[in-house]
Amino acid sequence: MNELLLKSAAELSELLQAGTITSVELTQASLDRIEALNPKLHAFLYVDHEGALATAKQVDEDRAAGKTMHPLAGIPIAVKDNIVTRGIPTTAASKILEGWRPPYDATVIVKIKQAGLPIVGKTNLDEFAMGSSTEHSAFGPTRNPWDTDRIPGGSGGGSAAAVGAFMVPLALGTDTGGSIRQPAAVTGTVGFKPTYGNVSRFGAIAMASSLDQIGPVTRTVRDAAMLQELISGHDVHDSTSLDQPVADLVGAVNAGTTAAKDPAKPLAGLKVGLVKEMEGEGYAEGVLKSFHEAVAELEKLGAETTTLSAPSFKYALGAYYLIMPAEVSSNLARFDGMRYGVRVEPTEGPVTAETVMRASRAAGFGDEAKRRIILGTHVLSAGYADQFYTSALRVRTLVQQDLAKMFSQVDVVVSPTSPTVAFKFGEKTNDPMAMYLNDIATIPANLAGSPAISLPSGLSDGLPVGFQILAPIGEDARAYRVAAALEEGLGGSLASQCPAASWEEK
Ligand code: GLN
C-alpha cells in the first residue's frame, strides 16, 4: 500500500501544504486501493475516478498559484450513499433509487467541494440507513476489514470499512440511531454524531427527520474535529439547522492533548458519569472489560468518575422503534414510482397512479424498509397513535430529562458504544429484535439531540470495542476534548492494528 494512506488527514494536510506531496498523487493512491480492495470489502457502491482526480488537479494548481486553501483541501473523502451528490448516482442502497442522479448537492457536499476535497465515491449502507450491519443493502453487504466474515456495523458500514481499511482517511456518515457510531465501534474507527442541527441535513435522504444527523467518520479524533468544523454551520435550506457560530473543535482537541494545561492530567477537574442502565445484561464481557479499562484511563488523566442512573433509558430503544418508523413511513411516501428512480407497472389490471405506486414500491423496497413503513403507518393510525406514538414521545421527553439531570451532575456521560463486537454475517438477519438491540447505547443521544462520539477503547478477542462519550446539547467541543485526551492516553489510534493495514493491493 502507498504509505500515504496510513496517515491521518491532519498529517496529510501538512504534507500537502508543505508541497511534499500532491493531491493528485494522494487521490490516485486512494482510488487504486479502492479498486483493489472493493471486490473484497464492497465498501463503495460507486467510485468517481474522473471527478476525484479533476478536483485533485484543480487543488494542486490553485496551491501552486499561491491561493489560500482550506486545511483539508486535496484530501480524498468518501460519502455515504444517502447523501445526495449532483450528477453522481445516489441510491441510499435501495433498488427504488437505482439509476437516480440527483440534480443538486447536499449542503455538506457544497461545503466539501468549496474546500477542495476530492470525493472518491459513495459508500454502502443498509437500505435507507435502516439496520446495524449493512446486510439490508439492496446491493449486498460490506465486509469488516478486521475479519471479512463479520459485519462492519450499520447502517454506515461502507464509510467505516473504507476508512478502517485505509481506502480513504475521511468519510461522511449519517446517524439516526447510531449509524455513525456503531460502525465506528466495530471497525476500530472514530465516528461523531453532532448536536442535532449542528450540521445541515439538506440533501441527506430523510429517514427519521427529528433524529437524523450527518457527521464525520475518521481514524483519529483530530480528523473528525477538522471535518466537522468544515461541514457544520447554519443553513437556510434546513429549518432545524442551528443559527450558531461554528465551534472551535480542533482547538478543543488541542486542549485535550498538546495544549493541555497539565499534560499529565489533561482531564483534571472533569466529572464523568457512568450509567447503571448502560452496562450489565446484554453487554458482552469483553466489551465491558475494555470499557472499564478506558474509564480507568480517564481517571489516570485526572477525571473523577461516578455512576448515575437513567431509568428511562430502559425504554429508549422501544420508543425509538416507534418514533423512527412513524417518521420513516411518512418520509418514504415520496418514493412512489412517479418522481424518482424505479417505476414498475402492474402486470395485470388497470394502470392507474395507485397500481403503479403499489407495483413500484413492492418491487423497489426491501423487507426491512417495508417492515418499518408498515409499522410506522400502524403506530400513527387512528385509534393506535395515542397508545404507541404519543407514549413513545413521552418516553423521549423522559430520556431528555434523564440526560439533563445527569449533565447537571457531570460534564460528560460515557458508555460502551455497542453491546458486542462485530458479529458474523447472518447471525441476526432473521431476527429483527436482535438486530435492533445493537442500538441500545447509541439511541439516547438521538432522542435527546445531544452530541456523542465513538472511539476505540481496545480489542476484545482481536476485534475493536467502541467507547462512547456523550456531552450536553451544543457542547460538541467538550466531547472532542475528552475523546482526544483518551485517545492519546490509550496510545493513539487503534486503526493501525487492523489487519487491512498490511493488505497489499495486488
Ligand atoms: N441501527 C439503527 C436502525 O436500524 C440506526 C439507523 C441509523 O442511525 N441510520 O434504525
# chains A, B, ... in the order shown; residues from 1 in each chain; ligands from 1
$ residues_near_ligand --ligand "ligand 1" --cutoff "6 Å" --atoms "only C-alpha atoms and all ligand atoms" --output "list in words"
Ala129, Met130, Gly131, Ser132, Ser155, Asp175, Thr176, Gly177, Gly178, Ser179 and Asp439 of chain A
$ write_last_selection --atoms "N, CA, C and O atoms" --output "PDB file, in the first residue's frame"
ATOM      1  N   ALA A 129     -30.636   3.561   5.312  1.00  0.00           N
ATOM      2  CA  ALA A 129     -29.977   3.692   6.629  1.00  0.00           C
ATOM      3  C   ALA A 129     -30.706   2.929   7.735  1.00  0.00           C
ATOM      4  O   ALA A 129     -30.621   3.297   8.900  1.00  0.00           O
ATOM      5  N   MET A 130     -31.409   1.866   7.344  1.00  0.00           N
ATOM      6  CA  MET A 130     -32.154   1.087   8.338  1.00  0.00           C
ATOM      7  C   MET A 130     -31.449  -0.226   8.597  1.00  0.00           C
ATOM      8  O   MET A 130     -31.611  -1.189   7.830  1.00  0.00           O
ATOM      9  N   GLY A 131     -30.691  -0.262   9.683  1.00  0.00           N
ATOM     10  CA  GLY A 131     -30.029  -1.505  10.031  1.00  0.00           C
ATOM     11  C   GLY A 131     -28.747  -1.261  10.795  1.00  0.00           C
ATOM     12  O   GLY A 131     -28.344  -0.108  11.011  1.00  0.00           O
ATOM     13  N   SER A 132     -28.115  -2.338  11.219  1.00  0.00           N
ATOM     14  CA  SER A 132     -26.908  -2.237  12.032  1.00  0.00           C
ATOM     15  C   SER A 132     -25.795  -3.130  11.494  1.00  0.00           C
ATOM     16  O   SER A 132     -24.873  -3.478  12.208  1.00  0.00           O
ATOM     17  N   SER A 155     -25.994   1.642  10.094  1.00  0.00           N
ATOM     18  CA  SER A 155     -26.118   1.484   8.662  1.00  0.00           C
ATOM     19  C   SER A 155     -24.867   1.903   7.883  1.00  0.00           C
ATOM     20  O   SER A 155     -24.643   1.449   6.772  1.00  0.00           O
ATOM     21  N   ASP A 175     -26.418   9.549  11.161  1.00  0.00           N
ATOM     22  CA  ASP A 175     -26.688   8.857  12.419  1.00  0.00           C
ATOM     23  C   ASP A 175     -28.095   9.200  12.883  1.00  0.00           C
ATOM     24  O   ASP A 175     -28.382  10.344  13.249  1.00  0.00           O
ATOM     25  N   THR A 176     -28.980   8.217  12.834  1.00  0.00           N
ATOM     26  CA  THR A 176     -30.376   8.387  13.246  1.00  0.00           C
ATOM     27  C   THR A 176     -30.607   7.685  14.577  1.00  0.00           C
ATOM     28  O   THR A 176     -31.385   8.136  15.411  1.00  0.00           O
ATOM     29  N   GLY A 177     -29.893   6.553  14.717  1.00  0.00           N
ATOM     30  CA  GLY A 177     -29.994   5.792  15.969  1.00  0.00           C
ATOM     31  C   GLY A 177     -28.646   5.188  16.333  1.00  0.00           C
ATOM     32  O   GLY A 177     -28.564   4.343  17.222  1.00  0.00           O
ATOM     33  N   GLY A 178     -27.614   5.589  15.591  1.00  0.00           N
ATOM     34  CA  GLY A 178     -26.269   5.069  15.883  1.00  0.00           C
ATOM     35  C   GLY A 178     -25.445   4.733  14.658  1.00  0.00           C
ATOM     36  O   GLY A 178     -24.346   4.189  14.773  1.00  0.00           O
ATOM     37  N   SER A 179     -25.932   5.057  13.486  1.00  0.00           N
ATOM     38  CA  SER A 179     -25.311   4.597  12.239  1.00  0.00           C
ATOM     39  C   SER A 179     -23.942   5.182  11.916  1.00  0.00           C
ATOM     40  O   SER A 179     -23.291   4.715  10.988  1.00  0.00           O
ATOM     41  N   ASP A 439     -28.487  -1.120  18.981  1.00  0.00           N
ATOM     42  CA  ASP A 439     -28.571   0.337  19.095  1.00  0.00           C
ATOM     43  C   ASP A 439     -28.850   0.802  20.522  1.00  0.00           C
ATOM     44  O   ASP A 439     -29.055   1.985  20.769  1.00  0.00           O
TER      45      ASP A 439
END
$ select_by_dssp --residues "segment 259-451 of chain A" --states "helix (DSSP H, G or I)" --output "JSON, numbers by chain"
{"A": [276, 277, 278, 285, 286, 287, 288, 289, 290, 291, 292, 293, 294, 295, 296, 297, 298, 299, 300, 311, 312, 313, 314, 315, 316, 317, 318, 319, 320, 321, 322, 323, 324, 325, 326, 327, 328, 329, 330, 331, 332, 333, 334, 353, 354, 355, 356, 357, 358, 359, 360, 361, 362, 363, 364, 367, 368, 369, 370, 371, 372, 373, 374, 375, 376, 377, 378, 379, 380, 386, 387, 388, 389, 390, 391, 392, 393, 394, 395, 396, 397, 398, 399, 400, 401, 402, 403, 404, 405, 406, 407, 432, 433, 434, 435, 436, 437, 438, 439, 443, 444, 445, 446, 447, 448]}
$ write_last_selection --atoms "C-alpha atoms" --output "tab-separated table (two decimals), in the first residue's frame"
chain	number	residue	atom	x	y	z
A	276	LYS	CA	-26.12	1.98	35.51
A	277	GLU	CA	-28.56	1.16	32.71
A	278	MET	CA	-25.79	1.12	30.09
A	285	GLU	CA	-17.94	-9.34	28.93
A	286	GLY	CA	-15.03	-8.37	26.68
A	287	VAL	CA	-16.78	-5.11	25.80
A	288	LEU	CA	-17.31	-4.21	29.46
A	289	LYS	CA	-13.71	-5.10	30.32
A	290	SER	CA	-12.36	-2.78	27.63
A	291	PHE	CA	-14.87	-0.10	28.68
A	292	HIS	CA	-13.74	-0.18	32.31
A	293	GLU	CA	-10.07	-0.09	31.31
A	294	ALA	CA	-10.79	3.08	29.37
A	295	VAL	CA	-12.66	4.52	32.36
A	296	ALA	CA	-9.58	3.80	34.48
A	297	GLU	CA	-7.51	5.65	31.89
A	298	LEU	CA	-9.86	8.66	32.16
A	299	GLU	CA	-9.24	8.63	35.91
A	300	LYS	CA	-5.48	8.49	35.31
A	311	PRO	CA	-34.26	4.88	34.47
A	312	SER	CA	-35.91	5.96	31.19
A	313	PHE	CA	-33.05	4.50	29.14
A	314	LYS	CA	-34.67	1.09	29.58
A	315	TYR	CA	-37.48	2.32	27.34
A	316	ALA	CA	-35.37	4.33	24.89
A	317	LEU	CA	-34.97	1.52	22.39
A	318	GLY	CA	-38.70	0.81	22.40
A	319	ALA	CA	-39.54	4.48	21.96
A	320	TYR	CA	-37.04	4.83	19.11
A	321	TYR	CA	-38.55	1.86	17.28
A	322	LEU	CA	-41.93	3.62	17.36
A	323	ILE	CA	-40.89	7.22	16.62
A	324	MET	CA	-38.38	6.29	13.91
A	325	PRO	CA	-40.75	4.09	11.83
A	326	ALA	CA	-43.51	6.70	12.19
A	327	GLU	CA	-41.23	9.23	10.55
A	328	VAL	CA	-39.90	6.66	8.06
A	329	SER	CA	-43.39	5.84	6.86
A	330	SER	CA	-44.03	9.47	6.10
A	331	ASN	CA	-40.57	10.25	4.63
A	332	LEU	CA	-40.60	7.24	2.34
A	333	ALA	CA	-44.02	8.13	0.93
A	334	ARG	CA	-42.24	10.23	-1.69
A	353	ALA	CA	-51.45	6.06	-10.22
A	354	GLU	CA	-52.34	3.76	-7.35
A	355	THR	CA	-51.48	0.49	-9.05
A	356	VAL	CA	-48.19	1.90	-10.35
A	357	MET	CA	-47.28	3.12	-6.88
A	358	ARG	CA	-48.13	-0.25	-5.42
A	359	ALA	CA	-46.10	-2.18	-8.00
A	360	SER	CA	-43.13	0.23	-7.79
A	361	ARG	CA	-42.98	0.20	-4.00
A	362	ALA	CA	-43.43	-3.57	-3.86
A	363	ALA	CA	-40.52	-4.06	-6.26
A	364	GLY	CA	-38.34	-1.17	-5.10
A	367	ASP	CA	-38.01	-6.25	3.51
A	368	GLU	CA	-36.66	-4.03	6.28
A	369	ALA	CA	-37.91	-0.83	4.63
A	370	LYS	CA	-41.32	-2.42	4.16
A	371	ARG	CA	-41.38	-3.65	7.75
A	372	ARG	CA	-40.75	-0.14	9.05
A	373	ILE	CA	-43.22	1.55	6.70
A	374	ILE	CA	-45.94	-0.84	7.83
A	375	LEU	CA	-45.01	-0.47	11.49
A	376	GLY	CA	-44.90	3.32	11.13
A	377	THR	CA	-48.28	3.64	9.48
A	378	HIS	CA	-49.72	1.34	12.13
A	379	VAL	CA	-48.41	3.31	15.11
A	380	LEU	CA	-49.71	6.54	13.58
A	386	ASP	CA	-52.09	7.58	21.42
A	387	GLN	CA	-51.19	4.12	22.60
A	388	PHE	CA	-47.95	3.90	20.60
A	389	TYR	CA	-46.66	7.09	19.04
A	390	THR	CA	-47.72	9.52	21.77
A	391	SER	CA	-46.43	7.33	24.57
A	392	ALA	CA	-43.13	6.98	22.72
A	393	LEU	CA	-42.90	10.77	22.58
A	394	ARG	CA	-43.40	10.84	26.35
A	395	VAL	CA	-40.51	8.44	26.78
A	396	ARG	CA	-38.42	10.69	24.53
A	397	THR	CA	-39.09	13.57	26.92
A	398	LEU	CA	-38.09	11.39	29.89
A	399	VAL	CA	-34.83	10.45	28.16
A	400	GLN	CA	-34.12	14.13	27.59
A	401	GLN	CA	-34.87	14.84	31.25
A	402	ASP	CA	-32.70	11.99	32.49
A	403	LEU	CA	-29.79	13.19	30.38
A	404	ALA	CA	-30.28	16.79	31.51
A	405	LYS	CA	-30.33	15.61	35.10
A	406	MET	CA	-27.09	13.68	34.64
A	407	PHE	CA	-25.49	16.69	32.97
A	432	PRO	CA	-35.15	-8.02	13.75
A	433	MET	CA	-35.31	-7.67	17.54
A	434	ALA	CA	-31.76	-8.99	17.97
A	435	MET	CA	-30.61	-6.58	15.27
A	436	TYR	CA	-32.37	-3.62	16.94
A	437	LEU	CA	-30.63	-4.36	20.25
A	438	ASN	CA	-27.32	-3.22	18.73
A	439	ASP	CA	-28.57	0.34	19.10
A	443	ILE	CA	-30.20	5.79	20.75
A	444	PRO	CA	-30.45	8.08	23.81
A	445	ALA	CA	-28.23	10.70	22.12
A	446	ASN	CA	-30.51	10.76	19.07
A	447	LEU	CA	-33.68	11.01	21.14
A	448	ALA	CA	-32.17	13.90	23.11
$ residues_around --residues "Ile473 of chain A" --least-positions-apart "3" --cutoff "9 Å" --atoms "only C-alpha atoms" --output "number ranges by chain"
A: 194-196, 448-451, 476
$ residues_around --residues "Ala162 of chain A" --least-positions-apart "2" --cutoff "8 Å" --atoms "only C-alpha atoms" --output "MDAnalysis selection string"
chainID A and resid 43:44 78 123 158:160 164:168 171
$ write_last_selection --atoms "C-alpha atoms" --output "PDB file, in the first residue's frame"
ATOM      1  CA  ALA A  43     -17.434  -0.589   0.856  1.00  0.00           C
ATOM      2  CA  PHE A  44     -18.244   1.502  -2.217  1.00  0.00           C
ATOM      3  CA  ALA A  78     -15.930   9.110   0.777  1.00  0.00           C
ATOM      4  CA  THR A 123     -20.339   4.172   0.287  1.00  0.00           C
ATOM      5  CA  GLY A 158     -19.388   1.275   3.963  1.00  0.00           C
ATOM      6  CA  SER A 159     -17.941   4.532   5.258  1.00  0.00           C
ATOM      7  CA  ALA A 160     -16.488   2.826   8.337  1.00  0.00           C
ATOM      8  CA  GLY A 164     -10.808   1.407   8.559  1.00  0.00           C
ATOM      9  CA  ALA A 165      -9.219  -0.343   5.569  1.00  0.00           C
ATOM     10  CA  PHE A 166      -7.174   2.755   4.625  1.00  0.00           C
ATOM     11  CA  MET A 167      -9.023   3.317   1.365  1.00  0.00           C
ATOM     12  CA  VAL A 168      -9.545   6.945   2.417  1.00  0.00           C
ATOM     13  CA  ALA A 171     -15.813   9.812   5.211  1.00  0.00           C
TER      14      ALA A 171
END
$ atom_distance --atom1 "atom CA of Val199 of chain A" --atom2 "atom CA of Gln244 of chain A"
10.8 Å
